[in-house]
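Here is the file protein.csv (CSV, C-alpha atoms).
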```csv
chain,number,residue,atom,x,y,z
A,1,MET,CA,28.3,118.6,229.0
A,2,LEU,CA,26.9,122.1,229.6
A,3,TYR,CA,26.2,123.3,233.2
A,4,ILE,CA,23.7,126.1,233.5
A,5,ASP,CA,22.8,128.2,236.5
A,6,ALA,CA,19.1,129.2,236.3
A,7,ASP,CA,19.4,131.9,239.1
A,8,ASN,CA,17.5,135.0,237.9
A,9,ALA,CA,17.0,133.5,234.4
A,10,VAL,CA,13.7,134.1,232.6
A,11,TYR,CA,11.8,130.8,232.5
A,12,GLY,CA,10.7,130.7,228.8
A,13,ARG,CA,13.9,132.1,227.4
A,14,LEU,CA,16.0,129.7,229.3
A,15,SER,CA,13.7,126.8,228.2
A,16,SER,CA,14.0,127.6,224.5
A,17,TYR,CA,17.8,128.0,224.7
A,18,VAL,CA,18.2,124.7,226.4
A,19,ALA,CA,15.8,123.0,224.0
A,20,LYS,CA,17.9,124.1,221.1
A,21,MET,CA,21.1,122.9,222.8
A,22,LEU,CA,19.5,119.5,223.4
A,23,LEU,CA,18.4,119.1,219.8
A,24,GLU,CA,22.0,119.8,218.8
A,25,GLY,CA,23.2,116.8,220.9
A,26,GLU,CA,24.4,118.6,224.0
A,27,GLU,CA,24.0,117.1,227.5
A,28,VAL,CA,22.6,119.9,229.7
A,29,VAL,CA,22.5,120.1,233.5
A,30,ILE,CA,20.5,123.0,235.0
A,31,VAL,CA,20.8,124.0,238.7
A,32,ASN,CA,18.9,126.5,240.9
A,33,ALA,CA,15.6,125.9,239.0
A,34,SER,CA,13.7,127.3,242.0
A,35,LYS,CA,15.4,130.6,241.5
A,36,ALA,CA,14.4,130.9,237.8
A,37,VAL,CA,11.8,133.7,237.3
A,38,ILE,CA,8.6,134.2,235.4
A,39,THR,CA,7.9,137.8,234.3
A,40,GLY,CA,4.5,139.3,234.7
A,41,LYS,CA,2.1,140.0,237.5
A,42,SER,CA,2.5,137.4,240.2
A,43,ASN,CA,-1.2,137.0,240.9
A,44,TYR,CA,-1.9,136.3,237.3
A,45,ILE,CA,0.9,133.8,236.9
A,46,ILE,CA,-0.2,131.9,240.0
A,47,ARG,CA,-3.8,131.7,238.8
A,48,GLN,CA,-2.6,130.4,235.4
A,49,PHE,CA,-0.5,127.6,237.0
A,50,LEU,CA,-3.4,126.7,239.4
A,51,ALA,CA,-5.8,126.6,236.4
A,52,ARG,CA,-3.4,124.3,234.5
A,53,ARG,CA,-3.1,122.0,237.5
A,54,ASP,CA,-6.9,121.7,237.9
A,55,ILE,CA,-7.5,120.6,234.3
A,56,GLY,CA,-8.4,116.9,233.8
A,57,SER,CA,-8.7,114.2,236.5
A,58,VAL,CA,-6.4,112.3,238.8
A,59,ARG,CA,-6.9,109.1,236.8
A,60,LYS,CA,-6.5,110.4,233.2
A,61,GLY,CA,-4.4,113.5,233.5
A,62,PRO,CA,-2.9,115.8,232.1
A,63,TYR,CA,-0.5,115.8,235.0
A,64,TYR,CA,1.1,119.1,235.7
A,65,PRO,CA,4.2,119.2,237.9
A,66,ARG,CA,4.4,121.1,241.2
A,67,THR,CA,8.1,121.2,241.9
A,68,PRO,CA,10.3,123.9,240.3
A,69,SER,CA,12.7,121.4,238.7
A,70,ALA,CA,9.8,119.4,237.1
A,71,ILE,CA,8.0,122.6,235.9
A,72,LEU,CA,11.2,123.8,234.2
A,73,ARG,CA,11.9,120.3,232.7
A,74,ARG,CA,8.3,120.1,231.4
A,75,SER,CA,8.6,123.5,229.7
A,76,ILE,CA,11.8,122.4,228.0
A,77,GLY,CA,10.1,119.1,226.9
A,78,ASP,CA,7.1,121.1,225.5
A,79,MET,CA,9.6,122.8,223.1
A,80,LEU,CA,10.9,119.5,221.8
A,81,PRO,CA,9.3,117.1,219.3
A,82,LYS,CA,8.5,114.5,222.0
A,83,LYS,CA,6.6,112.2,219.6
A,84,LYS,CA,9.8,111.7,217.5
A,85,ALA,CA,12.8,109.7,218.6
A,86,ARG,CA,15.2,112.7,218.5
A,87,GLY,CA,12.9,114.7,220.8
A,88,LYS,CA,12.7,111.8,223.3
A,89,ASP,CA,16.4,111.3,223.2
A,90,ALA,CA,17.0,115.0,223.7
A,91,LEU,CA,14.9,115.2,226.8
A,92,LYS,CA,16.7,112.2,228.3
A,93,ARG,CA,20.0,114.3,228.0
A,94,CYS,CA,18.5,117.0,230.3
A,95,LYS,CA,18.8,117.0,234.1
A,96,VAL,CA,17.3,119.8,236.2
A,97,TYR,CA,17.9,120.3,239.9
A,98,PRO,CA,16.1,122.7,242.3
A,99,SER,CA,19.4,123.8,243.9
A,100,ILE,CA,23.0,122.9,243.6
A,101,PRO,CA,23.6,119.2,244.5
A,102,MET,CA,26.7,118.2,246.5
A,103,GLU,CA,28.3,116.3,243.5
A,104,LEU,CA,28.1,119.4,241.3
A,105,ARG,CA,29.5,122.0,243.8
A,106,ASP,CA,32.9,122.2,242.2
A,107,LYS,CA,31.6,122.6,238.6
A,108,LYS,CA,31.7,125.9,236.7
A,109,PHE,CA,28.2,127.1,235.8
A,110,ALA,CA,27.3,129.2,232.8
A,111,LYS,CA,24.8,132.1,232.8
A,112,ILE,CA,22.8,132.5,229.7
A,113,ASP,CA,23.1,136.2,228.8
A,114,LYS,CA,19.9,136.2,226.6
A,115,ALA,CA,17.9,134.8,229.5
A,116,VAL,CA,19.0,137.1,232.3
A,117,ASN,CA,16.1,138.9,234.0
A,118,GLN,CA,16.5,142.7,233.7
A,119,ARG,CA,13.4,143.7,235.7
A,120,THR,CA,13.5,145.0,239.2
A,121,SER,CA,9.8,144.2,239.8
A,122,GLY,CA,7.0,142.4,238.0
A,123,TYR,CA,8.2,138.8,238.3
A,124,ILE,CA,7.9,135.7,240.5
A,125,SER,CA,10.3,132.8,241.1
A,126,LEU,CA,9.5,129.2,240.3
A,127,GLY,CA,10.1,128.4,243.9
A,128,ASP,CA,7.3,130.7,244.9
A,129,VAL,CA,4.9,129.4,242.2
A,130,SER,CA,5.7,125.9,243.5
A,131,LYS,CA,4.7,126.8,247.0
A,132,HIS,CA,1.4,128.1,245.8
A,133,LEU,CA,0.9,124.8,243.9
A,134,GLY,CA,1.4,122.8,247.1
A,135,ALA,CA,5.0,121.6,246.7
A,136,ARG,CA,7.4,121.5,249.6
A,137,VAL,CA,10.3,123.7,248.5
A,138,LYS,CA,13.5,123.8,250.5
A,139,GLU,CA,15.1,127.2,250.7
```
Translate this file's structure into structure tokens.
Amino acid sequence: MLYIDADNAVYGRLSSYVAKMLLEGEEVVIVNASKAVITGKSNYIIRQFLARRDIGSVRKGPYYPRTPSAILRRSIGDMLPKKKARGKDALKRCKVYPSIPMELRDKKFAKIDKAVNQRTSGYISLGDVSKHLGARVKE
């Protein structure tokens, strides 16, 4: 089982790394999803997520998540072959938490070096994006 801390990790790079690990048969637990970052101008990123959320209808979908953990899990799922059995099984092995739950406090978490954010400006956290989407995010 692989425990990953998403604090200051770039959203897309982390998602692609985790998707590859899941396809190799690993079980992955990701914590601090609300602290993962998306690089780019924050106004543009928020507009993109709001536009995605407004596509479709309440009855038919598509349904875009609002919470940081669900947003991260969906991006990982979008990188997997979900229509095939191995993709569905891989996504079942992935657990994502917005912060560190009590039962995982004593675990050792890995940081993904390839996904670490090097920027000092020009990014926004998934927690902030979720607030703009209407989710209630605990700090």
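Each of A:Lys114, A:His132, A:Arg66, A:Lys88 was checked against Tyr17 (chain A) using only C-alpha atoms; the smallest atom-to-atom distance is that of A:Lys114.
Nearest to Thr120 (chain A) of all the residues A:Leu104, A:Ala70, A:Val58, A:Val37 is A:Val37, counting all atoms listed in the file.
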_When you look at region 5-9 of chain A with a cut-off of 10 Å (counting all atoms listed in the file), what residues show up, excluding the ones that are within fewer than 3 positions of it in the same chain? I need them as a ChimeraX atom specification._
/A:12-15,29-38,72,96-100,108-119,124-125
Quick one: write out the picked residues with C-alpha atoms as a short mmCIF file (atom, residue, chain, number, x, y, z; two decimals), in the coordinates of the input?
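And here is the file that came out, selection_16.cif:
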```cif
data_model
loop_
_atom_site.label_atom_id
_atom_site.label_comp_id
_atom_site.auth_asym_id
_atom_site.auth_seq_id
_atom_site.Cartn_x
_atom_site.Cartn_y
_atom_site.Cartn_z
CA GLY A 12 10.70 130.70 228.80
CA ARG A 13 13.90 132.10 227.40
CA LEU A 14 16.00 129.70 229.30
CA SER A 15 13.70 126.80 228.20
CA VAL A 29 22.50 120.10 233.50
CA ILE A 30 20.50 123.00 235.00
CA VAL A 31 20.80 124.00 238.70
CA ASN A 32 18.90 126.50 240.90
CA ALA A 33 15.60 125.90 239.00
CA SER A 34 13.70 127.30 242.00
CA LYS A 35 15.40 130.60 241.50
CA ALA A 36 14.40 130.90 237.80
CA VAL A 37 11.80 133.70 237.30
CA ILE A 38 8.60 134.20 235.40
CA LEU A 72 11.20 123.80 234.20
CA VAL A 96 17.30 119.80 236.20
CA TYR A 97 17.90 120.30 239.90
CA PRO A 98 16.10 122.70 242.30
CA SER A 99 19.40 123.80 243.90
CA ILE A 100 23.00 122.90 243.60
CA LYS A 108 31.70 125.90 236.70
CA PHE A 109 28.20 127.10 235.80
CA ALA A 110 27.30 129.20 232.80
CA LYS A 111 24.80 132.10 232.80
CA ILE A 112 22.80 132.50 229.70
CA ASP A 113 23.10 136.20 228.80
CA LYS A 114 19.90 136.20 226.60
CA ALA A 115 17.90 134.80 229.50
CA VAL A 116 19.00 137.10 232.30
CA ASN A 117 16.10 138.90 234.00
CA GLN A 118 16.50 142.70 233.70
CA ARG A 119 13.40 143.70 235.70
CA ILE A 124 7.90 135.70 240.50
CA SER A 125 10.30 132.80 241.10
#
```
*asked:* I'd like to know which of A:Met1, A:Met102, A:Leu91, A:Ile71 is closest to Glu27 (chain A), using all atoms listed in the file.
replied: A:Met1
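Here CA of Lys83 (chain A) stands at a distance of 19.7 Å from CA of Pro65 (chain A).
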_Å distance separating CA of Pro81 (chain A) from CA of Arg47 (chain A), one decimal place_ = 27.7 Å
_My list of candidates is A:Arg52, A:Lys82, A:Lys107, A:Arg59. Which is closest to Ile4 (chain A) when distances are computed with all atoms listed in the file?_
A:Lys107
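Shown here are all protein and nucleic acid residues lying within 12 Å of (1.6, 135.8, 232.0), with all atoms listed in the file considered: Tyr11, Gly12, Val37, Ile38, Thr39, Gly40, Lys41, Ser42, Asn43, Tyr44, Ile45, Ile46, Arg47, Gln48, Phe49, Gly122, Tyr123 and Ile124 of chain A.
From CA of Arg93 (chain A) back to CA of Leu22 (chain A), the distance works out to 7.0 Å.
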